[in-house]
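Source file: upload.pdb; contents: PDB, N, CA and C atoms and all ligand atoms.
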ATOM      1  N   MET A 836       4.199  -7.613 -19.431
ATOM      2  CA  MET A 836       4.534  -7.764 -18.014
ATOM      3  C   MET A 836       5.477  -6.643 -17.568
ATOM      4  N   ALA A 837       5.327  -6.273 -16.336
ATOM      5  CA  ALA A 837       6.195  -5.233 -15.787
ATOM      6  C   ALA A 837       7.596  -5.781 -15.563
ATOM      7  N   ALA A 838       8.571  -4.890 -15.579
ATOM      8  CA  ALA A 838       9.941  -5.288 -15.279
ATOM      9  C   ALA A 838      10.067  -5.675 -13.811
ATOM     10  N   ASP A 839      11.149  -6.334 -13.476
ATOM     11  CA  ASP A 839      11.365  -6.829 -12.116
ATOM     12  C   ASP A 839      11.270  -5.737 -11.049
ATOM     13  N   HIS A 840      11.763  -4.588 -11.418
ATOM     14  CA  HIS A 840      11.863  -3.521 -10.433
ATOM     15  C   HIS A 840      10.636  -2.632 -10.401
ATOM     16  N   GLU A 841       9.592  -3.031 -11.131
ATOM     17  CA  GLU A 841       8.407  -2.196 -11.158
ATOM     18  C   GLU A 841       7.162  -3.078 -11.130
ATOM     19  N   ILE A 842       6.156  -2.648 -10.396
ATOM     20  CA  ILE A 842       4.923  -3.427 -10.383
ATOM     21  C   ILE A 842       3.794  -2.602 -10.985
ATOM     22  N   GLY A 843       2.764  -3.282 -11.409
ATOM     23  CA  GLY A 843       1.605  -2.610 -11.985
ATOM     24  C   GLY A 843       0.512  -2.434 -10.946
ATOM     25  N   CYS A 844      -0.591  -1.847 -11.379
ATOM     26  CA  CYS A 844      -1.681  -1.533 -10.455
ATOM     27  C   CYS A 844      -2.266  -2.803  -9.817
ATOM     28  N   ASP A 845      -2.384  -3.861 -10.584
ATOM     29  CA  ASP A 845      -2.954  -5.094 -10.035
ATOM     30  C   ASP A 845      -2.077  -5.656  -8.926
ATOM     31  N   ASP A 846      -0.764  -5.687  -9.188
ATOM     32  CA  ASP A 846       0.174  -6.201  -8.176
ATOM     33  C   ASP A 846       0.175  -5.296  -6.947
ATOM     34  N   CYS A 847       0.125  -4.015  -7.205
ATOM     35  CA  CYS A 847       0.103  -3.053  -6.118
ATOM     36  C   CYS A 847      -1.129  -3.278  -5.250
ATOM     37  N   PHE A 848      -2.260  -3.448  -5.911
ATOM     38  CA  PHE A 848      -3.518  -3.643  -5.197
ATOM     39  C   PHE A 848      -3.467  -4.901  -4.335
ATOM     40  N   ASP A 849      -2.838  -5.950  -4.854
ATOM     41  CA  ASP A 849      -2.714  -7.202  -4.101
ATOM     42  C   ASP A 849      -1.945  -7.000  -2.797
ATOM     43  N   GLU A 850      -0.993  -6.105  -2.816
ATOM     44  CA  GLU A 850      -0.112  -5.889  -1.664
ATOM     45  C   GLU A 850      -0.596  -4.767  -0.755
ATOM     46  N   LEU A 851      -1.578  -4.038  -1.248
ATOM     47  CA  LEU A 851      -1.967  -2.796  -0.581
ATOM     48  C   LEU A 851      -2.435  -3.017   0.855
ATOM     49  N   HIS A 852      -3.175  -4.077   1.047
ATOM     50  CA  HIS A 852      -3.737  -4.345   2.370
ATOM     51  C   HIS A 852      -2.624  -4.599   3.388
ATOM     52  N   GLU A 853      -1.667  -5.408   2.958
ATOM     53  CA  GLU A 853      -0.531  -5.715   3.833
ATOM     54  C   GLU A 853       0.309  -4.464   4.109
ATOM     55  N   PHE A 854       0.478  -3.697   3.070
ATOM     56  CA  PHE A 854       1.234  -2.445   3.179
ATOM     57  C   PHE A 854       0.577  -1.526   4.214
ATOM     58  N   ALA A 855      -0.735  -1.402   4.137
ATOM     59  CA  ALA A 855      -1.478  -0.545   5.069
ATOM     60  C   ALA A 855      -1.382  -1.081   6.491
ATOM     61  N   GLU A 856      -1.417  -2.403   6.638
ATOM     62  CA  GLU A 856      -1.340  -2.979   7.979
ATOM     63  C   GLU A 856       0.036  -2.749   8.610
ATOM     64  N   LEU A 857       1.071  -2.810   7.798
ATOM     65  CA  LEU A 857       2.416  -2.496   8.298
ATOM     66  C   LEU A 857       2.469  -1.048   8.766
ATOM     67  N   GLU A 858       1.888  -0.194   7.955
ATOM     68  CA  GLU A 858       1.847   1.232   8.294
ATOM     69  C   GLU A 858       1.135   1.431   9.630
ATOM     70  N   LEU A 859      -0.015   0.815   9.785
ATOM     71  CA  LEU A 859      -0.810   0.982  11.007
ATOM     72  C   LEU A 859      -0.126   0.346  12.208
ATOM     73  N   ALA A 860       0.702  -0.666  11.954
ATOM     74  CA  ALA A 860       1.418  -1.336  13.041
ATOM     75  C   ALA A 860       2.658  -0.547  13.450
ATOM     76  N   GLY A 861       2.892   0.573  12.791
ATOM     77  CA  GLY A 861       4.040   1.406  13.111
ATOM     78  C   GLY A 861       5.341   0.850  12.564
ATOM     79  N   LYS A 862       5.222  -0.082  11.613
ATOM     80  CA  LYS A 862       6.427  -0.621  10.971
ATOM     81  C   LYS A 862       6.765   0.222   9.747
ATOM     82  N   SER A 863       7.683  -0.258   8.947
ATOM     83  CA  SER A 863       8.109   0.522   7.785
ATOM     84  C   SER A 863       7.712  -0.165   6.495
ATOM     85  N   PRO A 864       6.489   0.069   6.048
ATOM     86  CA  PRO A 864       6.038  -0.572   4.810
ATOM     87  C   PRO A 864       6.922  -0.232   3.616
ATOM     88  N   ALA A 865       7.469   0.976   3.608
ATOM     89  CA  ALA A 865       8.327   1.386   2.493
ATOM     90  C   ALA A 865       9.576   0.517   2.415
ATOM     91  N   GLU A 866      10.055   0.063   3.581
ATOM     92  CA  GLU A 866      11.229  -0.813   3.588
ATOM     93  C   GLU A 866      10.848  -2.255   3.277
ATOM     94  N   ALA A 867       9.704  -2.683   3.821
ATOM     95  CA  ALA A 867       9.265  -4.059   3.615
ATOM     96  C   ALA A 867       8.798  -4.287   2.182
ATOM     97  N   LYS A 868       8.173  -3.281   1.615
ATOM     98  CA  LYS A 868       7.643  -3.409   0.265
ATOM     99  C   LYS A 868       7.979  -2.189  -0.573
ATOM    100  N   PRO A 869       9.242  -2.045  -0.905
ATOM    101  CA  PRO A 869       9.684  -0.859  -1.660
ATOM    102  C   PRO A 869       9.016  -0.738  -3.024
ATOM    103  N   LEU A 870       8.662  -1.857  -3.622
ATOM    104  CA  LEU A 870       8.027  -1.798  -4.943
ATOM    105  C   LEU A 870       6.636  -1.193  -4.856
ATOM    106  N   VAL A 871       5.939  -1.512  -3.782
ATOM    107  CA  VAL A 871       4.608  -0.929  -3.578
ATOM    108  C   VAL A 871       4.734   0.564  -3.314
ATOM    109  N   LYS A 872       5.678   0.905  -2.443
ATOM    110  CA  LYS A 872       5.933   2.313  -2.157
ATOM    111  C   LYS A 872       6.257   3.065  -3.435
ATOM    112  N   ASP A 873       7.105   2.480  -4.233
ATOM    113  CA  ASP A 873       7.514   3.073  -5.499
ATOM    114  C   ASP A 873       6.305   3.314  -6.401
ATOM    115  N   HIS A 874       5.435   2.312  -6.465
ATOM    116  CA  HIS A 874       4.258   2.440  -7.314
ATOM    117  C   HIS A 874       3.308   3.517  -6.782
ATOM    118  N   LEU A 875       3.151   3.554  -5.467
ATOM    119  CA  LEU A 875       2.261   4.560  -4.868
ATOM    120  C   LEU A 875       2.775   5.972  -5.135
ATOM    121  N   ASP A 876       4.100   6.113  -5.178
ATOM    122  CA  ASP A 876       4.675   7.425  -5.482
ATOM    123  C   ASP A 876       4.342   7.873  -6.897
ATOM    124  N   LYS A 877       4.209   6.884  -7.788
ATOM    125  CA  LYS A 877       4.032   7.207  -9.206
ATOM    126  C   LYS A 877       2.574   7.238  -9.641
ATOM    127  N   CYS A 878       1.746   6.485  -8.931
ATOM    128  CA  CYS A 878       0.392   6.241  -9.424
ATOM    129  C   CYS A 878      -0.651   6.888  -8.521
ATOM    130  N   GLY A 879      -1.285   7.932  -9.023
ATOM    131  CA  GLY A 879      -2.263   8.677  -8.232
ATOM    132  C   GLY A 879      -3.478   7.854  -7.844
ATOM    133  N   SER A 880      -3.952   6.991  -8.740
ATOM    134  CA  SER A 880      -5.177   6.261  -8.426
ATOM    135  C   SER A 880      -4.927   5.200  -7.347
ATOM    136  N   CYS A 881      -3.744   4.568  -7.368
ATOM    137  CA  CYS A 881      -3.408   3.616  -6.317
ATOM    138  C   CYS A 881      -3.191   4.341  -4.988
ATOM    139  N   ARG A 882      -2.663   5.531  -5.068
ATOM    140  CA  ARG A 882      -2.438   6.309  -3.848
ATOM    141  C   ARG A 882      -3.783   6.656  -3.203
ATOM    142  N   GLU A 883      -4.742   7.019  -4.024
ATOM    143  CA  GLU A 883      -6.091   7.293  -3.511
ATOM    144  C   GLU A 883      -6.682   6.041  -2.892
ATOM    145  N   GLU A 884      -6.487   4.940  -3.579
ATOM    146  CA  GLU A 884      -6.981   3.647  -3.097
ATOM    147  C   GLU A 884      -6.351   3.331  -1.743
ATOM    148  N   TYR A 885      -5.082   3.605  -1.652
ATOM    149  CA  TYR A 885      -4.333   3.334  -0.420
ATOM    150  C   TYR A 885      -4.834   4.211   0.724
ATOM    151  N   GLN A 886      -5.036   5.479   0.460
ATOM    152  CA  GLN A 886      -5.545   6.399   1.486
ATOM    153  C   GLN A 886      -6.906   5.939   1.989
ATOM    154  N   ALA A 887      -7.763   5.538   1.062
ATOM    155  CA  ALA A 887      -9.102   5.079   1.436
ATOM    156  C   ALA A 887      -9.015   3.824   2.297
ATOM    157  N   LEU A 888      -8.120   2.922   1.900
ATOM    158  CA  LEU A 888      -7.936   1.677   2.648
ATOM    159  C   LEU A 888      -7.405   1.972   4.049
ATOM    160  N   LEU A 889      -6.458   2.874   4.110
ATOM    161  CA  LEU A 889      -5.854   3.249   5.387
ATOM    162  C   LEU A 889      -6.911   3.819   6.329
ATOM    163  N   GLU A 890      -7.753   4.678   5.775
ATOM    164  CA  GLU A 890      -8.803   5.289   6.591
ATOM    165  C   GLU A 890      -9.807   4.249   7.054
ATOM    166  N   ALA A 891     -10.129   3.312   6.174
ATOM    167  CA  ALA A 891     -11.081   2.262   6.535
ATOM    168  C   ALA A 891     -10.503   1.391   7.654
ATOM    169  N   LEU A 892      -9.231   1.051   7.553
ATOM    170  CA  LEU A 892      -8.597   0.221   8.580
ATOM    171  C   LEU A 892      -8.488   0.980   9.901
ATOM    172  N   GLN A 893      -8.207   2.260   9.807
ATOM    173  CA  GLN A 893      -8.125   3.071  11.017
ATOM    174  C   GLN A 893      -9.488   3.150  11.700
ATOM    175  N   ALA A 894     -10.529   3.268  10.912
ATOM    176  CA  ALA A 894     -11.877   3.318  11.463
ATOM    177  C   ALA A 894     -12.200   2.029  12.197
ATOM    178  N   ILE A 895     -11.751   0.911  11.629
ATOM    179  CA  ILE A 895     -11.962  -0.394  12.284
ATOM    180  C   ILE A 895     -11.189  -0.447  13.599
ATOM    181  N   GLU A 896      -9.935   0.009  13.555
ATOM    182  CA  GLU A 896      -9.110   0.036  14.765
ATOM    183  C   GLU A 896      -9.780   0.864  15.863
ATOM    184  N   ASN A 897     -10.270   2.026  15.461
ATOM    185  CA  ASN A 897     -10.868   2.935  16.435
ATOM    186  C   ASN A 897     -12.186   2.424  16.978
ATOM    187  N   GLY A 898     -12.818   1.566  16.177
ATOM    188  CA  GLY A 898     -14.117   1.043  16.587
ATOM    189  C   GLY A 898     -14.027  -0.122  17.562
ATOM    190  N   LYS A 899     -12.808  -0.567  17.842
ATOM    191  CA  LYS A 899     -12.626  -1.719  18.717
ATOM    192  C   LYS A 899     -13.059  -1.422  20.152
TER     193      LYS A 899
HETATM  194 ZN    ZN B   1      -1.383   1.986  -9.804
END
Could you spell out this file's structure in structure tokens?
Amino acid sequence: MAADHEIGCDDCFDELHEFAELELAGKSPAEAKPLVKDHLDKCGSCREEYQALLEALQAIENGK
């Protein structure tokens, strides 16, 4: 198990959607979910996943 101050890819993935929605809402996901931010800084594959998710959500927003 990961230490308290660090999350793994699975935990990160669970939070990713919410993190992206905060970002798109113009809030501060890094403040709301510092552990996710921390993981994204360290983990290239989650960062790619996050970028893809962000783009997908933006496409949905724009399609409204
Ligand atoms: Zn990861």
Closest pair table for chain A residues within 5 Å of ligand ZN 1 (chain B), all atoms listed in the file, as CSV:
residue,atom,partner,partner_atom,distance
A:Gly843,C,B:ZN1,ZN,4.9
A:Cys844,CA,B:ZN1,ZN,3.6
A:Cys878,CA,B:ZN1,ZN,4.6
A:Cys881,N,B:ZN1,ZN,4.3
Query raised in the report: Using all atoms listed in the file, which residue out of A:Val871, A:Leu851, A:Ala860, A:Ile842 lies closest to Tyr885 (chain A)?
Result: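 Result for the nearest residue to Tyr885 (chain A): A:Leu851.
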Query raised in the report: What is the CA of Gln886 (chain A) to CA of His874 (chain A) distance in Å?
Result: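 Interatomic distance here is 13.8 Å.
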**Report entry** Nearest to Phe848 (chain A), chosen from A:Ala894, A:Ala867, A:Lys899, A:Glu883, with only C-alpha atoms counted in the distances
**Finding:**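 Closest candidate: A:Glu883.
Note that atom N of Asp846 (chain A) and atom C of Lys862 (chain A) are 21.2 Å apart.
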**Report entry** DSSP alpha helix (DSSP H) residues within chain A, listed as an MDAnalysis selection string
**Finding:** chainID A and resid 844:859 864:867 869:877 879:897
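Taking only C-alpha atoms into account, Glu856 (chain A) lies nearest to A:Leu892 out of the set A:Leu875, A:Leu892, A:Leu870, A:Ala887.
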Report task. Could you please determine the separation between atom N of Glu890 (chain A) and atom N of His852 (chain A) in Å, to one decimal place? Result ->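 Calculated distance between atom N of Glu890 (chain A) and atom N of His852 (chain A) is 11.0 Å.
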Using the atoms already present, construct all heavy atoms for region 873-884 of chain A and hand them back as an mmCIF file, in the frame of the given file.
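The resulting selection03.cif:
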data_model
loop_
_atom_site.group_PDB
_atom_site.id
_atom_site.type_symbol
_atom_site.label_atom_id
_atom_site.label_comp_id
_atom_site.auth_asym_id
_atom_site.auth_seq_id
_atom_site.Cartn_x
_atom_site.Cartn_y
_atom_site.Cartn_z
ATOM 1 N N ASP A 873 7.105 2.480 -4.233
ATOM 2 C CA ASP A 873 7.514 3.073 -5.499
ATOM 3 C C ASP A 873 6.305 3.314 -6.401
ATOM 4 O O ASP A 873 6.149 4.370 -6.990
ATOM 5 C CB ASP A 873 8.518 2.128 -6.173
ATOM 6 C CG ASP A 873 9.106 2.739 -7.429
ATOM 7 O OD1 ASP A 873 9.635 3.857 -7.331
ATOM 8 O OD2 ASP A 873 9.026 2.108 -8.490
ATOM 9 N N HIS A 874 5.435 2.312 -6.465
ATOM 10 C CA HIS A 874 4.258 2.440 -7.314
ATOM 11 C C HIS A 874 3.308 3.517 -6.782
ATOM 12 O O HIS A 874 2.748 4.296 -7.546
ATOM 13 C CB HIS A 874 3.538 1.095 -7.429
ATOM 14 C CG HIS A 874 2.394 1.144 -8.396
ATOM 15 N ND1 HIS A 874 2.561 1.025 -9.758
ATOM 16 C CD2 HIS A 874 1.073 1.355 -8.194
ATOM 17 C CE1 HIS A 874 1.381 1.151 -10.351
ATOM 18 N NE2 HIS A 874 0.452 1.347 -9.424
ATOM 19 N N LEU A 875 3.151 3.554 -5.467
ATOM 20 C CA LEU A 875 2.261 4.560 -4.868
ATOM 21 C C LEU A 875 2.775 5.972 -5.135
ATOM 22 O O LEU A 875 1.992 6.908 -5.288
ATOM 23 C CB LEU A 875 2.136 4.330 -3.357
ATOM 24 C CG LEU A 875 1.333 3.098 -2.941
ATOM 25 C CD1 LEU A 875 1.414 2.912 -1.441
ATOM 26 C CD2 LEU A 875 -0.119 3.210 -3.376
ATOM 27 N N ASP A 876 4.100 6.113 -5.178
ATOM 28 C CA ASP A 876 4.675 7.425 -5.482
ATOM 29 C C ASP A 876 4.342 7.873 -6.897
ATOM 30 O O ASP A 876 4.211 9.050 -7.179
ATOM 31 C CB ASP A 876 6.199 7.391 -5.317
ATOM 32 C CG ASP A 876 6.605 7.422 -3.855
ATOM 33 O OD1 ASP A 876 5.757 7.749 -3.011
ATOM 34 O OD2 ASP A 876 7.771 7.109 -3.568
ATOM 35 N N LYS A 877 4.209 6.884 -7.788
ATOM 36 C CA LYS A 877 4.032 7.207 -9.206
ATOM 37 C C LYS A 877 2.574 7.238 -9.641
ATOM 38 O O LYS A 877 2.239 7.869 -10.628
ATOM 39 C CB LYS A 877 4.745 6.162 -10.068
ATOM 40 C CG LYS A 877 6.245 6.234 -9.991
ATOM 41 C CD LYS A 877 6.818 5.179 -10.936
ATOM 42 C CE LYS A 877 8.219 4.794 -10.555
ATOM 43 N NZ LYS A 877 8.576 3.486 -11.113
ATOM 44 N N CYS A 878 1.746 6.485 -8.931
ATOM 45 C CA CYS A 878 0.392 6.241 -9.424
ATOM 46 C C CYS A 878 -0.651 6.888 -8.521
ATOM 47 O O CYS A 878 -0.859 6.458 -7.389
ATOM 48 C CB CYS A 878 0.165 4.733 -9.518
ATOM 49 S SG CYS A 878 -1.451 4.313 -10.170
ATOM 50 N N GLY A 879 -1.285 7.932 -9.023
ATOM 51 C CA GLY A 879 -2.263 8.677 -8.232
ATOM 52 C C GLY A 879 -3.478 7.854 -7.844
ATOM 53 O O GLY A 879 -3.980 7.976 -6.735
ATOM 54 N N SER A 880 -3.952 6.991 -8.740
ATOM 55 C CA SER A 880 -5.177 6.261 -8.426
ATOM 56 C C SER A 880 -4.927 5.200 -7.347
ATOM 57 O O SER A 880 -5.763 4.978 -6.483
ATOM 58 C CB SER A 880 -5.794 5.640 -9.682
ATOM 59 O OG SER A 880 -4.897 4.773 -10.303
ATOM 60 N N CYS A 881 -3.744 4.568 -7.368
ATOM 61 C CA CYS A 881 -3.408 3.616 -6.317
ATOM 62 C C CYS A 881 -3.191 4.341 -4.988
ATOM 63 O O CYS A 881 -3.518 3.821 -3.931
ATOM 64 C CB CYS A 881 -2.170 2.807 -6.677
ATOM 65 S SG CYS A 881 -2.524 1.527 -7.892
ATOM 66 N N ARG A 882 -2.663 5.531 -5.068
ATOM 67 C CA ARG A 882 -2.438 6.309 -3.848
ATOM 68 C C ARG A 882 -3.783 6.656 -3.203
ATOM 69 O O ARG A 882 -3.947 6.573 -1.998
ATOM 70 C CB ARG A 882 -1.658 7.580 -4.178
ATOM 71 C CG ARG A 882 -0.921 8.161 -2.966
ATOM 72 C CD ARG A 882 0.247 9.027 -3.391
ATOM 73 N NE ARG A 882 -0.156 10.048 -4.329
ATOM 74 C CZ ARG A 882 0.445 10.279 -5.490
ATOM 75 N NH1 ARG A 882 1.477 9.571 -5.853
ATOM 76 N NH2 ARG A 882 0.010 11.216 -6.295
ATOM 77 N N GLU A 883 -4.742 7.019 -4.024
ATOM 78 C CA GLU A 883 -6.091 7.293 -3.511
ATOM 79 C C GLU A 883 -6.682 6.041 -2.892
ATOM 80 O O GLU A 883 -7.304 6.086 -1.837
ATOM 81 C CB GLU A 883 -7.002 7.767 -4.647
ATOM 82 C CG GLU A 883 -6.949 9.255 -4.848
ATOM 83 C CD GLU A 883 -7.847 9.680 -6.010
ATOM 84 O OE1 GLU A 883 -8.919 9.066 -6.199
ATOM 85 O OE2 GLU A 883 -7.459 10.593 -6.743
ATOM 86 N N GLU A 884 -6.487 4.940 -3.579
ATOM 87 C CA GLU A 884 -6.981 3.647 -3.097
ATOM 88 C C GLU A 884 -6.351 3.331 -1.743
ATOM 89 O O GLU A 884 -7.024 2.879 -0.814
ATOM 90 C CB GLU A 884 -6.597 2.569 -4.113
ATOM 91 C CG GLU A 884 -7.354 1.276 -3.991
ATOM 92 C CD GLU A 884 -8.818 1.443 -4.378
ATOM 93 O OE1 GLU A 884 -9.085 2.026 -5.449
ATOM 94 O OE2 GLU A 884 -9.671 1.005 -3.609
#
